[in-house]
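Containing mmCIF, C-alpha atoms and all ligand atoms: run.cif.
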```cif
data_work
loop_
_atom_site.label_atom_id
_atom_site.label_comp_id
_atom_site.auth_asym_id
_atom_site.auth_seq_id
_atom_site.Cartn_x
_atom_site.Cartn_y
_atom_site.Cartn_z
CA MET A 344 86.68 50.34 -4.61
CA SER A 345 88.37 47.00 -4.17
CA SER A 346 91.24 46.17 -6.48
CA THR A 347 90.23 42.52 -6.50
CA GLY A 348 86.99 43.00 -8.36
CA SER A 349 86.18 41.68 -11.79
CA THR A 350 85.94 44.03 -14.73
CA TYR A 351 82.78 44.93 -16.54
CA GLY A 352 82.43 47.52 -19.24
CA GLY A 353 85.88 48.87 -18.52
CA SER A 354 85.38 49.48 -14.79
CA SER A 355 86.82 47.51 -11.94
CA LEU A 356 84.22 46.24 -9.51
CA GLY A 357 84.81 44.68 -6.15
CA ALA A 358 82.55 42.54 -4.01
CA GLY A 359 79.54 44.54 -3.01
CA ASP A 360 80.09 47.20 -5.67
CA THR A 361 77.38 47.88 -8.20
CA HIS A 362 77.35 49.28 -11.71
CA GLN A 363 75.54 52.39 -10.46
CA ALA A 364 77.61 55.51 -11.09
CA THR A 365 79.05 56.97 -7.89
CA VAL A 366 78.56 60.46 -9.30
CA PRO A 367 75.14 60.96 -10.90
CA ASP A 368 75.38 61.14 -14.67
CA THR A 369 73.20 63.88 -16.05
CA ASP A 370 72.73 62.24 -19.41
CA VAL A 371 72.63 58.49 -18.90
CA VAL A 372 71.02 57.18 -15.75
CA GLY A 373 72.98 54.22 -14.37
CA ILE A 374 71.38 50.83 -14.84
CA ALA A 375 69.06 50.44 -11.90
CA PRO A 376 69.87 47.80 -9.31
CA VAL A 377 67.73 44.67 -9.48
CA GLU A 378 64.40 45.34 -7.87
CA ALA A 379 63.27 43.77 -4.66
CA GLU A 380 60.96 41.30 -6.42
CA HIS A 381 62.37 37.81 -5.97
CA LEU A 382 62.19 35.34 -8.81
CA VAL A 383 62.52 32.28 -6.61
CA THR A 384 59.70 31.60 -4.17
CA ASP A 385 58.13 28.57 -2.55
CA THR A 386 54.70 29.71 -3.69
CA ALA A 387 53.10 27.82 -6.56
CA GLU A 388 52.35 30.42 -9.21
CA ASP A 389 49.27 30.51 -11.44
CA LEU A 390 50.59 29.20 -14.76
CA SER A 391 47.29 29.48 -16.64
CA VAL A 392 48.67 32.31 -18.79
CA PHE A 393 50.76 29.62 -20.50
CA ASP A 394 48.01 28.01 -22.57
CA ALA A 395 48.03 24.73 -24.50
CA LYS A 396 49.59 26.41 -27.55
CA THR A 397 52.47 27.74 -25.42
CA VAL A 398 53.02 24.30 -23.87
CA GLU A 399 53.06 22.81 -27.36
CA ARG A 400 55.64 25.37 -28.43
CA ALA A 401 57.71 24.67 -25.32
CA GLN A 402 57.76 20.99 -26.19
CA ALA A 403 58.79 21.81 -29.76
CA ILE A 404 61.71 23.88 -28.45
CA ILE A 405 62.82 21.11 -26.10
CA ALA A 406 62.72 18.58 -28.95
CA ARG A 407 65.41 20.57 -30.77
CA TYR A 408 68.07 19.68 -28.20
CA PRO A 409 69.69 16.43 -27.01
CA GLN A 410 69.34 17.67 -23.42
CA SER A 411 66.25 19.57 -22.36
CA ARG A 412 68.14 22.09 -20.21
CA SER A 413 69.81 23.41 -23.37
CA ALA A 414 66.41 24.80 -24.38
CA LEU A 415 66.34 27.39 -21.60
CA LEU A 416 67.30 30.50 -23.60
CA PRO A 417 64.64 30.13 -26.33
CA MET A 418 62.17 29.05 -23.62
CA LEU A 419 62.70 32.37 -21.84
CA HIS A 420 62.03 34.19 -25.11
CA LEU A 421 58.84 32.13 -25.45
CA VAL A 422 57.82 33.24 -21.96
CA GLN A 423 58.44 36.86 -22.94
CA SER A 424 56.27 36.43 -26.04
CA VAL A 425 53.42 35.59 -23.66
CA GLU A 426 54.08 37.90 -20.73
CA GLY A 427 56.23 40.68 -22.18
CA ARG A 428 58.69 39.86 -19.39
CA VAL A 429 59.91 36.92 -17.29
CA SER A 430 57.80 36.78 -14.14
CA GLN A 431 57.90 34.32 -11.26
CA ALA A 432 55.27 32.30 -13.12
CA GLY A 433 57.52 32.32 -16.19
CA ILE A 434 60.42 31.07 -14.10
CA GLN A 435 58.31 28.23 -12.71
CA PHE A 436 56.94 27.36 -16.16
CA CYS A 437 60.47 26.97 -17.54
CA ALA A 438 61.62 25.02 -14.48
CA LEU A 439 58.72 22.57 -14.79
CA GLN A 440 59.13 22.10 -18.53
CA LEU A 441 62.91 21.62 -18.34
CA ASP A 442 63.18 19.76 -15.05
CA LEU A 443 65.35 22.51 -13.59
CA THR A 444 65.09 24.29 -10.27
CA ALA A 445 63.59 27.77 -10.14
CA ALA A 446 66.98 28.98 -8.87
CA GLU A 447 68.72 27.63 -11.97
CA VAL A 448 66.23 29.32 -14.30
CA SER A 449 66.35 32.54 -12.31
CA ALA A 450 70.15 32.62 -12.46
CA VAL A 451 70.01 32.62 -16.26
CA ALA A 452 67.03 34.97 -16.59
CA THR A 453 68.66 37.61 -14.42
CA PHE A 454 72.05 37.35 -16.13
CA TYR A 455 71.09 38.44 -19.65
CA THR A 456 69.70 41.91 -20.31
CA MET A 457 67.39 40.63 -23.06
CA TYR A 458 65.24 39.01 -20.36
CA LYS A 459 63.10 41.69 -18.81
CA ARG A 460 61.90 41.87 -15.22
CA LYS A 461 59.24 44.48 -15.92
CA SER A 462 56.60 44.17 -18.64
CA CYS A 463 57.69 45.78 -21.87
CA GLY A 464 55.65 48.10 -23.99
CA GLU A 465 54.43 47.25 -27.47
CA HIS A 466 57.88 48.38 -28.56
CA LEU A 467 61.26 48.19 -26.87
CA VAL A 468 63.44 51.13 -27.92
CA SER A 469 67.14 50.54 -27.19
CA VAL A 470 69.52 53.47 -27.54
CA CYS A 471 73.20 52.60 -27.77
CA THR A 472 75.13 54.73 -25.29
CA ASN A 473 78.37 52.81 -25.48
CA THR A 474 81.53 54.77 -26.21
CA LEU A 475 81.44 55.29 -29.96
CA CYS A 476 77.70 55.91 -30.24
CA ALA A 477 77.82 58.06 -27.10
CA VAL A 478 80.38 60.47 -28.54
CA LEU A 479 78.57 60.53 -31.88
CA GLY A 480 75.34 61.61 -30.18
CA GLY A 481 73.91 58.51 -28.47
CA ASP A 482 73.90 60.16 -25.03
CA GLU A 483 72.09 63.16 -26.46
CA ILE A 484 69.54 60.92 -28.19
CA TYR A 485 68.88 58.96 -25.00
CA LYS A 486 68.44 62.15 -22.99
CA LYS A 487 66.15 63.68 -25.62
CA LEU A 488 63.97 60.57 -25.82
CA GLY A 489 63.72 60.37 -22.03
CA GLU A 490 62.55 63.96 -21.89
CA HIS A 491 60.20 63.56 -24.85
CA LEU A 492 58.55 60.40 -23.49
CA GLY A 493 58.53 61.49 -19.85
CA ALA A 494 55.76 63.40 -18.13
CA ASP A 495 55.44 66.17 -15.55
CA GLY A 496 59.02 67.26 -16.07
CA LYS A 497 60.35 63.76 -15.24
CA ARG A 498 62.43 61.96 -17.80
CA LEU A 499 61.49 58.42 -18.74
CA GLY A 500 64.29 56.31 -17.31
CA HIS A 501 66.05 53.09 -18.19
CA ASN A 502 63.58 50.18 -18.51
CA GLU A 503 60.61 52.45 -17.91
CA THR A 504 57.51 52.41 -20.07
CA VAL A 505 55.23 55.13 -21.33
CA GLY A 506 51.68 53.85 -21.81
CA GLU A 507 50.23 50.57 -20.59
CA PRO A 508 52.77 47.77 -21.15
CA GLY A 509 51.73 45.57 -24.05
CA GLN A 510 49.04 47.97 -25.24
CA PRO A 511 49.26 49.70 -28.63
CA GLY A 512 51.56 52.69 -28.64
CA SER A 513 53.32 51.82 -25.38
CA ILE A 514 57.08 52.18 -25.44
CA THR A 515 59.79 50.91 -23.13
CA LEU A 516 63.03 52.88 -23.26
CA GLU A 517 66.41 51.46 -22.39
CA HIS A 518 70.00 52.39 -22.94
CA ALA A 519 72.11 49.58 -24.25
CA GLU A 520 75.73 48.60 -24.47
CA CYS A 521 77.37 48.24 -27.88
CA LEU A 522 74.80 46.97 -30.39
CA ALA A 523 77.50 45.80 -32.81
CA ALA A 524 76.87 48.49 -35.41
CA CYS A 525 79.53 51.01 -34.40
CA ASP A 526 80.23 51.94 -38.03
CA LEU A 527 76.65 53.17 -38.31
CA GLY A 528 76.41 55.00 -35.01
CA PRO A 529 74.66 56.39 -33.30
CA VAL A 530 72.21 53.51 -33.58
CA ILE A 531 68.85 52.68 -32.07
CA GLN A 532 67.11 49.34 -32.12
CA VAL A 533 63.36 48.89 -31.97
CA ASN A 534 62.52 45.34 -30.95
CA TYR A 535 66.11 44.53 -31.97
CA GLU A 536 65.80 45.90 -35.53
CA PHE A 537 68.28 48.60 -36.50
CA PHE A 538 67.74 52.27 -37.14
CA ASP A 539 71.19 53.55 -38.13
CA ASN A 540 72.82 56.99 -38.16
CA GLN A 541 70.32 58.55 -35.78
CA THR A 542 69.98 62.11 -34.55
CA PRO A 543 67.83 63.38 -31.66
CA ASP A 544 65.24 64.71 -34.11
CA LYS A 545 65.12 61.47 -36.10
CA ALA A 546 64.76 59.49 -32.88
CA VAL A 547 61.86 61.64 -31.69
CA ALA A 548 60.13 61.24 -35.06
CA LEU A 549 60.65 57.47 -34.79
CA VAL A 550 59.05 57.11 -31.35
CA ASP A 551 56.22 59.48 -32.34
CA ALA A 552 55.45 57.22 -35.29
CA LEU A 553 55.51 54.15 -33.05
CA ARG A 554 53.15 55.82 -30.59
CA LYS A 555 50.72 56.49 -33.45
CA GLY A 556 50.72 52.79 -34.37
CA GLU A 557 52.98 53.10 -37.38
CA LYS A 558 55.75 50.61 -38.12
CA PRO A 559 58.58 52.58 -39.75
CA ALA A 560 60.90 50.42 -41.84
CA PRO A 561 64.23 49.67 -40.15
CA THR A 562 67.34 50.81 -42.01
CA ARG A 563 68.14 47.19 -42.88
CA GLY A 564 67.02 43.71 -41.98
CA ALA A 565 63.52 42.47 -41.23
CA PRO A 566 60.35 44.58 -41.14
CA LEU A 567 59.38 45.92 -37.74
CA ARG A 568 57.25 43.75 -35.45
CA ASP A 569 56.03 44.40 -31.94
CA PHE A 570 58.14 43.26 -28.98
CA ARG A 571 56.16 40.10 -28.22
CA THR A 572 56.18 38.93 -31.84
CA ALA A 573 59.92 39.55 -31.98
CA GLU A 574 60.28 37.42 -28.84
CA LEU A 575 58.29 34.60 -30.46
CA GLU A 576 60.62 34.76 -33.45
CA LEU A 577 63.65 34.66 -31.14
CA ALA A 578 62.14 31.50 -29.68
CA GLY A 579 62.16 30.11 -33.24
CA PHE A 580 58.53 30.43 -34.34
CA TRP A 581 57.53 32.11 -37.57
CA PRO A 582 54.22 33.24 -39.00
CA GLU A 583 52.04 30.62 -40.69
CA ASP A 584 52.92 31.99 -44.13
CA GLU A 585 56.58 31.14 -43.61
CA ILE A 586 57.55 31.26 -47.29
CA ASP A 587 56.10 34.75 -47.78
CA TYR A 588 57.57 35.83 -44.50
CA ARG A 589 61.04 34.61 -45.39
CA ALA A 590 60.84 36.46 -48.70
CA THR A 591 60.33 39.72 -46.77
CA VAL A 592 63.12 39.19 -44.25
CA ASP A 593 65.80 37.49 -46.33
CA GLY A 594 67.13 40.76 -47.75
CA PRO A 595 70.70 41.86 -47.16
CA SER A 596 71.23 43.09 -43.63
CA ALA A 597 74.86 44.16 -43.98
CA ALA A 598 75.56 47.82 -44.63
CA VAL A 599 77.93 49.27 -47.23
CA GLU A 600 80.02 50.79 -44.43
CA THR A 601 80.37 47.41 -42.72
CA LEU A 602 81.64 45.70 -45.84
CA ARG A 603 83.93 48.54 -46.96
CA GLY A 604 87.12 47.09 -45.44
CA ALA A 605 86.52 43.64 -46.90
CA LYS A 606 85.78 45.16 -50.31
CA LEU A 607 88.96 47.28 -50.29
CA ALA A 608 91.00 44.23 -49.30
CA GLU A 609 89.45 42.25 -52.14
CA GLU A 610 90.15 44.99 -54.70
CA ARG A 611 93.77 45.35 -53.57
CA GLY A 612 94.47 41.66 -53.08
CA TRP A 613 95.14 42.00 -49.36
CA THR A 614 94.95 38.90 -47.25
CA ALA A 615 95.41 38.29 -43.57
CA PRO A 616 98.49 36.35 -42.43
CA ALA A 617 97.86 32.70 -41.71
CA MET A 618 96.63 31.99 -38.22
CA PRO A 619 99.32 30.50 -35.99
CA ASN A 620 98.39 26.97 -35.12
CA PRO A 621 100.17 26.07 -31.89
CA PRO A 622 99.31 22.72 -30.29
CA LEU A 623 96.55 23.01 -27.73
CA PRO A 624 97.53 22.32 -24.14
CA GLU A 625 96.36 19.09 -22.59
CA VAL A 626 93.24 19.56 -20.52
CA GLU A 627 92.83 17.49 -17.42
CA LYS A 628 89.86 15.14 -17.74
CA LYS A 629 87.15 15.72 -15.11
S1 LIG A 701 79.11 51.68 -29.69
FE1 LIG A 701 77.04 51.74 -30.46
S2 LIG A 701 76.94 50.05 -31.80
FE2 LIG A 701 78.95 49.92 -30.96
#
```

Here is the file; what I need is its structure written in the form of structure tokens.
Ligand code: FES
Amino acid sequence: MSSTGSTYGGSSLGAGDTHQATVPDTDVVGIAPVEAEHLVTDTAEDLSVFDAKTVERAQAIIARYPQSRSALLPMLHLVQSVEGRVSQAGIQFCALQLDLTAAEVSAVATFYTMYKRKSCGEHLVSVCTNTLCAVLGGDEIYKKLGEHLGADGKRLGHNETVGEPGQPGSITLEHAECLAACDLGPVIQVNYEFFDNQTPDKAVALVDALRKGEKPAPTRGAPLRDFRTAELELAGFWPEDEIDYRATVDGPSAAVETLRGAKLAEERGWTAPAMPNPPLPEVEKK
């Protein structure tokens, strides 16, 4: 491995290296390389899936920003609320709406893991397998779910779906990097809502309930939605009954464990030292 590579997730990667493990990991399958499907083509895609309502929403997103290109991230979530993924058509839709090239949109869509290349199931189940969750049982949970959701002795892998994507009861499984809830690990997210302090048995019960059409309540935060509705919310659109909806989601989302340090400091009168305030270096004007 080259010593000149950039770092990612604690490993040094050189030009031409990938994040695939060199030695197969029996518990967590390495993130698969990008598939052969290209997101930039010269072919005009059929954009009819993006109906008048979606175009109206796209325009509303663009109107939030002084420059239209700044709207790209929520636009990609809007696309996923329609398609369950970002397809070539989704790339072209964003490019047309934002006056960007397909290459520019593709560069962003393929950079962030929240934008999916393959259609997601009704629910996206993300198992944290980063260091702390992994040692607390995250690897075991991911392995157990893969075996439970797989078929014919084959484990369901990263970004694979059981059931027909988008149809009721379908589930896409992924392993995720730190989900920013290490004090509550091992954690799982379903459509980005938290299920804290998981065990393999609890995780199996959770996906079984999802497959039966149930919507178990997350440990904290908003009630559970399906993946596409969550994507619409990430794009900034709420149900018609916004006041009622806000009343259901405005509950506290912080956990006792998360606030424990701040509470102890408050009780004991501890404060952090003042931040040093050195003068900022001059930056050359471009
Ligand atoms: S390591 Fe799992 S939430 Fe941080």

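Nearest residue to ligand LIG 701 (chain A), choosing from A:Ala590, A:Ala519, A:Ala403, A:Met418 and counting only C-alpha atoms and all ligand atoms: A:Ala519.
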
Contact residues around region 456-458 of chain A with all atoms listed in the file at 9 Å, ignoring same-chain residues under 5 positions, as a PDB file with C-alpha atoms, in the frame of the given file:
```
ATOM      1  CA  LEU A 419      62.700  32.370 -21.840  1.00  0.00           C
ATOM      2  CA  HIS A 420      62.030  34.190 -25.110  1.00  0.00           C
ATOM      3  CA  GLN A 423      58.440  36.860 -22.940  1.00  0.00           C
ATOM      4  CA  ARG A 428      58.690  39.860 -19.390  1.00  0.00           C
ATOM      5  CA  VAL A 429      59.910  36.920 -17.290  1.00  0.00           C
ATOM      6  CA  VAL A 451      70.010  32.620 -16.260  1.00  0.00           C
ATOM      7  CA  ALA A 519      72.110  49.580 -24.250  1.00  0.00           C
TER       8      ALA A 519
END
```

Check your understanding: Do you know which residues are within 8 Å of ligand LIG 701 (chain A) using only C-alpha atoms and all ligand atoms? Can you write them as a list in words?
Key ->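 So, counting only C-alpha atoms and all ligand atoms, the residues near ligand LIG 701 (chain A) are Cys471, Thr472, Asn473, Thr474, Leu475, Cys476, Ala477, Gly481, Glu520, Cys521, Leu522, Ala523, Ala524, Cys525, Asp526, Leu527, Gly528, Pro529 and Val530 of chain A.
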
Same residues, C-alpha atoms, output as a JSON list (two decimals), in the frame of the given file:
```json
[["chain", "number", "residue", "atom", "x", "y", "z"],
["A", 471, "CYS", "CA", 73.20, 52.60, -27.77],
["A", 472, "THR", "CA", 75.13, 54.73, -25.29],
["A", 473, "ASN", "CA", 78.37, 52.81, -25.48],
["A", 474, "THR", "CA", 81.53, 54.77, -26.21],
["A", 475, "LEU", "CA", 81.44, 55.29, -29.96],
["A", 476, "CYS", "CA", 77.70, 55.91, -30.24],
["A", 477, "ALA", "CA", 77.82, 58.06, -27.10],
["A", 481, "GLY", "CA", 73.91, 58.51, -28.47],
["A", 520, "GLU", "CA", 75.73, 48.60, -24.47],
["A", 521, "CYS", "CA", 77.37, 48.24, -27.88],
["A", 522, "LEU", "CA", 74.80, 46.97, -30.39],
["A", 523, "ALA", "CA", 77.50, 45.80, -32.81],
["A", 524, "ALA", "CA", 76.87, 48.49, -35.41],
["A", 525, "CYS", "CA", 79.53, 51.01, -34.40],
["A", 526, "ASP", "CA", 80.23, 51.94, -38.03],
["A", 527, "LEU", "CA", 76.65, 53.17, -38.31],
["A", 528, "GLY", "CA", 76.41, 55.00, -35.01],
["A", 529, "PRO", "CA", 74.66, 56.39, -33.30],
["A", 530, "VAL", "CA", 72.21, 53.51, -33.58]]
```

Point to revise | Point-to-point distance in Å for CA of Ser430 (chain A) and CA of Arg460 (chain A) | key: 6.6 Å

Practice item. Mind giving me the straight-line distance from CA of Ser413 (chain A) to CA of Glu625 (chain A) in Å, one decimal? Key: 26.9 Å

**Study point:** Polymer residues at most 12 Å from Asp551 (chain A), all atoms listed in the file, same-chain spacing of 5 or more positions, as a ChimeraX atom specification
**Key:** /A:466,468,488,491-492,505,512-514,544-546,556-559

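The shortest atom-to-atom distance to Tyr485 (chain A), with only C-alpha atoms taken into account, belongs to A:Ser469 out of A:Gln532, A:Thr397, A:Ser469, A:Gln410.
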
Check your understanding: Which one of A:Gly493, A:Gly506, A:Gly579, A:Gly427 sits closest to Ile404 (chain A) if you count only C-alpha atoms?
Key ->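 Of the candidates, the smallest distance to Ile404 (chain A) is held by A:Gly579.
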
Review point. What would the list of residues within 12 Å of (62.4, 29.4, -12.5) (file frame) look like as a VMD selection string, if all atoms listed in the file are what count?
Key: chain A and resid 381 to 388 415 418 to 419 422 429 to 453

Report, as JSON, the centre and edge lengths in Å (one decimal) of the axis-aligned box enclosing every listed atom of region 435-451 of chain A, padded by 8 Å on each side.
```
{"center_x": 63.5, "center_y": 26.2, "center_z": -13.7, "size_x": 29.2, "size_y": 28.9, "size_z": 25.7}
```

All residues 6 Å or closer to Thr515 (chain A), all atoms listed in the file, same chain fewer than 2 positions away omitted, as a CSV table (one decimal) with C-alpha atoms, keeping the file's coordinate frame:
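Okay, this is what ended up in result_28.csv:
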```
chain,number,residue,atom,x,y,z
A,463,CYS,CA,57.7,45.8,-21.9
A,464,GLY,CA,55.6,48.1,-24.0
A,467,LEU,CA,61.3,48.2,-26.9
A,503,GLU,CA,60.6,52.4,-17.9
A,504,THR,CA,57.5,52.4,-20.1
```

Exercise for review: Would you please work out which residue, of A:Leu575, A:Asp539, A:Pro561, A:Glu627, is nearest to Glu600 (chain A) when using only C-alpha atoms?
Suggested key: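 Result for the nearest residue to Glu600 (chain A): A:Asp539.
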
Practice item. Give me the residues within 10 Å of Phe580 (chain A) as a list in words, counting all atoms listed in the file and dropping any in the same chain fewer than 4 places off. Key: Arg400, Ala403, Ile404, Leu421, Thr572, Ala573, Glu574, Leu575, Glu576 and Glu585 of chain A

Check your understanding: What's the 8 Å shell around Val425 (chain A), counting only C-alpha atoms, without same-chain residues fewer than 4 positions away, as a list in words?
Key -> Val392, Phe393, Leu421 and Arg571 of chain A
